[in-house]
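S.K.: Got a file for you: query-v2.cif, mmCIF, N, CA and C atoms.
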data_input
#
loop_
_atom_site.label_atom_id
_atom_site.label_comp_id
_atom_site.auth_asym_id
_atom_site.auth_seq_id
_atom_site.Cartn_x
_atom_site.Cartn_y
_atom_site.Cartn_z
N MET A 27 91.56 52.10 65.78
CA MET A 27 90.70 52.55 66.86
C MET A 27 89.47 51.66 66.92
N THR A 28 89.11 51.27 68.10
CA THR A 28 87.96 50.40 68.29
C THR A 28 86.71 51.24 68.51
N THR A 29 85.68 50.93 67.75
CA THR A 29 84.41 51.63 67.93
C THR A 29 83.30 50.62 68.09
N VAL A 30 82.31 51.00 68.88
CA VAL A 30 81.14 50.15 69.09
C VAL A 30 79.91 51.04 68.97
N ARG A 31 79.02 50.67 68.10
CA ARG A 31 77.78 51.43 67.94
C ARG A 31 76.74 50.86 68.91
N VAL A 32 76.15 51.75 69.68
CA VAL A 32 75.12 51.34 70.63
C VAL A 32 73.82 51.18 69.86
N LYS A 33 73.26 49.98 69.94
CA LYS A 33 72.01 49.71 69.24
C LYS A 33 70.84 50.34 69.98
N GLU A 34 69.74 50.46 69.27
CA GLU A 34 68.56 51.06 69.88
C GLU A 34 68.04 50.17 71.01
N ASN A 35 67.70 50.78 72.12
CA ASN A 35 67.20 50.09 73.32
C ASN A 35 68.21 49.10 73.90
N GLU A 36 69.48 49.34 73.65
CA GLU A 36 70.53 48.47 74.21
C GLU A 36 71.07 49.11 75.49
N PRO A 37 71.15 48.34 76.56
CA PRO A 37 71.70 48.90 77.81
C PRO A 37 73.17 49.27 77.65
N PHE A 38 73.57 50.26 78.42
CA PHE A 38 74.96 50.72 78.36
C PHE A 38 75.93 49.61 78.75
N GLU A 39 75.57 48.80 79.74
CA GLU A 39 76.46 47.74 80.22
C GLU A 39 76.77 46.73 79.12
N VAL A 40 75.79 46.44 78.29
CA VAL A 40 75.99 45.48 77.20
C VAL A 40 76.95 46.06 76.16
N ALA A 41 76.76 47.34 75.84
CA ALA A 41 77.65 47.99 74.87
C ALA A 41 79.06 48.09 75.43
N MET A 42 79.17 48.39 76.72
CA MET A 42 80.49 48.47 77.36
C MET A 42 81.19 47.11 77.34
N ARG A 43 80.44 46.05 77.57
CA ARG A 43 81.01 44.70 77.53
C ARG A 43 81.51 44.36 76.13
N ARG A 44 80.72 44.74 75.10
CA ARG A 44 81.16 44.50 73.72
C ARG A 44 82.43 45.28 73.41
N PHE A 45 82.48 46.53 73.90
CA PHE A 45 83.67 47.36 73.68
C PHE A 45 84.90 46.74 74.34
N LYS A 46 84.76 46.32 75.59
CA LYS A 46 85.88 45.71 76.30
C LYS A 46 86.36 44.45 75.59
N ARG A 47 85.42 43.65 75.11
CA ARG A 47 85.78 42.42 74.41
C ARG A 47 86.54 42.72 73.12
N SER A 48 86.09 43.74 72.38
CA SER A 48 86.77 44.08 71.12
C SER A 48 88.16 44.66 71.39
N VAL A 49 88.31 45.45 72.46
CA VAL A 49 89.62 46.00 72.81
C VAL A 49 90.57 44.88 73.20
N GLU A 50 90.06 43.93 73.98
CA GLU A 50 90.90 42.80 74.39
C GLU A 50 91.32 41.95 73.19
N LYS A 51 90.39 41.75 72.26
CA LYS A 51 90.68 40.93 71.09
C LYS A 51 91.76 41.55 70.21
N THR A 52 91.75 42.88 70.08
CA THR A 52 92.74 43.55 69.25
C THR A 52 94.09 43.68 69.94
N GLY A 53 94.12 43.53 71.27
CA GLY A 53 95.38 43.64 72.00
C GLY A 53 95.84 45.07 72.19
N LEU A 54 94.91 45.99 72.18
CA LEU A 54 95.23 47.41 72.27
C LEU A 54 95.82 47.79 73.62
N LEU A 55 95.24 47.28 74.70
CA LEU A 55 95.72 47.64 76.04
C LEU A 55 97.11 47.10 76.32
N THR A 56 97.40 45.88 75.90
CA THR A 56 98.73 45.33 76.13
C THR A 56 99.77 46.13 75.35
N ASP A 57 99.41 46.56 74.15
CA ASP A 57 100.32 47.37 73.35
C ASP A 57 100.56 48.73 74.01
N LEU A 58 99.50 49.34 74.53
CA LEU A 58 99.65 50.63 75.20
C LEU A 58 100.51 50.51 76.45
N ARG A 59 100.31 49.45 77.21
CA ARG A 59 101.11 49.26 78.42
C ARG A 59 102.57 49.03 78.08
N ALA A 60 102.82 48.34 76.98
CA ALA A 60 104.20 48.08 76.58
C ALA A 60 104.89 49.37 76.12
N ARG A 61 104.14 50.28 75.54
CA ARG A 61 104.72 51.52 75.02
C ARG A 61 104.60 52.69 76.00
N GLU A 62 104.13 52.42 77.20
CA GLU A 62 103.93 53.50 78.17
C GLU A 62 105.24 54.17 78.54
N PHE A 63 106.30 53.38 78.68
CA PHE A 63 107.61 53.90 79.03
C PHE A 63 108.62 53.42 77.99
N TYR A 64 109.68 54.19 77.82
CA TYR A 64 110.71 53.81 76.86
C TYR A 64 111.46 52.60 77.39
N GLU A 65 111.71 51.65 76.50
CA GLU A 65 112.47 50.46 76.85
C GLU A 65 113.72 50.44 75.99
N LYS A 66 114.86 50.34 76.65
CA LYS A 66 116.12 50.32 75.92
C LYS A 66 116.14 49.12 74.98
N PRO A 67 116.84 49.25 73.85
CA PRO A 67 116.91 48.13 72.90
C PRO A 67 117.48 46.86 73.53
N THR A 68 118.48 47.00 74.40
CA THR A 68 119.05 45.80 75.03
C THR A 68 118.04 45.15 75.96
N ALA A 69 117.27 45.95 76.68
CA ALA A 69 116.25 45.40 77.57
C ALA A 69 115.15 44.70 76.77
N GLU A 70 114.81 45.27 75.62
CA GLU A 70 113.79 44.66 74.77
C GLU A 70 114.27 43.31 74.24
N ARG A 71 115.53 43.27 73.77
CA ARG A 71 116.10 42.00 73.29
C ARG A 71 116.13 40.96 74.40
N LYS A 72 116.52 41.39 75.59
CA LYS A 72 116.61 40.48 76.73
C LYS A 72 115.22 39.93 77.08
N ARG A 73 114.20 40.79 77.07
CA ARG A 73 112.84 40.37 77.38
C ARG A 73 112.32 39.39 76.34
N LYS A 74 112.60 39.68 75.06
CA LYS A 74 112.14 38.79 73.99
C LYS A 74 112.85 37.44 74.04
N ALA A 75 114.15 37.44 74.38
CA ALA A 75 114.89 36.18 74.49
C ALA A 75 114.35 35.35 75.65
N ALA A 76 114.05 36.00 76.76
CA ALA A 76 113.50 35.28 77.91
C ALA A 76 112.13 34.69 77.57
N ALA A 77 111.32 35.42 76.82
CA ALA A 77 110.01 34.93 76.41
C ALA A 77 110.16 33.73 75.47
N ALA A 78 111.16 33.78 74.59
CA ALA A 78 111.39 32.66 73.67
C ALA A 78 111.81 31.42 74.43
N VAL A 79 112.68 31.58 75.43
CA VAL A 79 113.11 30.44 76.24
C VAL A 79 111.92 29.85 76.99
N LYS A 80 111.08 30.72 77.53
CA LYS A 80 109.90 30.27 78.27
C LYS A 80 108.95 29.50 77.36
N ARG A 81 108.74 30.02 76.13
CA ARG A 81 107.88 29.32 75.16
C ARG A 81 108.46 27.97 74.82
N HIS A 82 109.80 27.91 74.65
CA HIS A 82 110.46 26.66 74.29
C HIS A 82 110.25 25.61 75.38
N TYR A 83 110.50 25.99 76.64
CA TYR A 83 110.32 25.04 77.74
C TYR A 83 108.87 24.63 77.90
N LYS A 84 107.97 25.56 77.67
CA LYS A 84 106.55 25.24 77.78
C LYS A 84 106.15 24.22 76.71
N ARG A 85 106.68 24.40 75.50
CA ARG A 85 106.40 23.46 74.41
C ARG A 85 106.99 22.09 74.72
N LEU A 86 108.20 22.07 75.29
CA LEU A 86 108.82 20.80 75.66
C LEU A 86 108.01 20.08 76.74
N MET A 87 107.55 20.80 77.73
CA MET A 87 106.77 20.18 78.81
C MET A 87 105.45 19.64 78.30
N GLY A 88 104.91 20.23 77.25
CA GLY A 88 103.68 19.74 76.67
C GLY A 88 103.88 18.45 75.91
N GLN A 89 105.09 18.21 75.42
CA GLN A 89 105.37 17.01 74.65
C GLN A 89 105.78 15.83 75.53
N VAL A 90 106.34 16.12 76.69
CA VAL A 90 106.79 15.05 77.58
C VAL A 90 105.59 14.42 78.25
N LEU A 91 105.55 13.09 78.24
CA LEU A 91 104.45 12.39 78.88
C LEU A 91 104.64 12.38 80.40
N PRO A 92 103.59 12.57 81.15
CA PRO A 92 103.73 12.54 82.61
C PRO A 92 103.99 11.11 83.09
N PRO A 93 104.67 10.95 84.22
CA PRO A 93 104.94 9.60 84.73
C PRO A 93 103.65 8.95 85.21
N LYS A 94 103.59 7.63 85.07
CA LYS A 94 102.41 6.90 85.51
C LYS A 94 102.42 6.83 87.03
N LEU A 95 101.30 7.10 87.63
CA LEU A 95 101.21 7.16 89.08
C LEU A 95 100.64 5.89 89.70
N TYR A 96 100.69 4.77 88.97
CA TYR A 96 100.17 3.53 89.54
C TYR A 96 101.21 2.46 89.51
#
Before we go any further, please render this structure as structure tokens.

M.R.:
Amino acid sequence: MTTVRVKENEPFEVAMRRFKRSVEKTGLLTDLRAREFYEKPTAERKRKAAAAVKRHYKRLMGQVLPPKLY
């Protein structure tokens, strides 16, 4: 659980921004959204395989040098 202590004379907006940043850093919202609905095991495997293929192609495109435009 993410907690943020509001310091003395600290505006609410600043504390809220710190809270949002800490929640984003821990990945809590993405985890909650992923677990919001039940996902069948086959669908989960399919999603993970597609993500692995996407990562692989992204890594390959990063290694390939772009063509010279002159």

S.K.: Run DSSP on the backbone and tell me which residues of chain A come out as alpha helix (DSSP H); list them as JSON, numbers by chain.

M.R.: {"A": [38, 39, 40, 41, 42, 43, 44, 45, 46, 47, 48, 49, 50, 51, 52, 54, 55, 56, 57, 58, 59, 60, 67, 68, 69, 70, 71, 72, 73, 74, 75, 76, 77, 78, 79, 80, 81, 82, 83, 84, 85, 86, 87, 88, 89]}

S.K.: Which of these, A:Glu65, A:Thr28, A:Ala75, A:Glu36, has the shortest distance to Lys51 of chain A once you count only C-alpha atoms?

M.R.: A:Thr28

S.K.: Would you mind telling me which residue in A:Leu54, A:Ala69, A:Ala77, A:Leu95 lies nearest to Met27 of chain A when using only C-alpha atoms?

M.R.: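 Between A:Leu54, A:Ala69, A:Ala77, A:Leu95, the residue approaching Met27 of chain A most closely is A:Leu54.
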
S.K.: Can you measure atom CA of Ala41 of chain A to atom CA of Thr56 of chain A for me? One decimal in Å is fine.

M.R.: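 Atom-to-atom, atom CA of Ala41 of chain A and atom CA of Thr56 of chain A are spaced 21.3 Å apart.
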
S.K.: Just to confirm, what's the straight-line distance from atom CA of Val32 of chain A to atom CA of Lys46 of chain A in Å (one decimal)?

M.R.: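 Going from atom CA of Val32 of chain A over to atom CA of Lys46 of chain A covers 13.4 Å.
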
S.K.: Between atom C of Leu55 of chain A and atom CA of Thr29 of chain A, measure the distance and give it in Å to one decimal.

M.R.: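 That distance, rounded to one decimal, is 15.9 Å.
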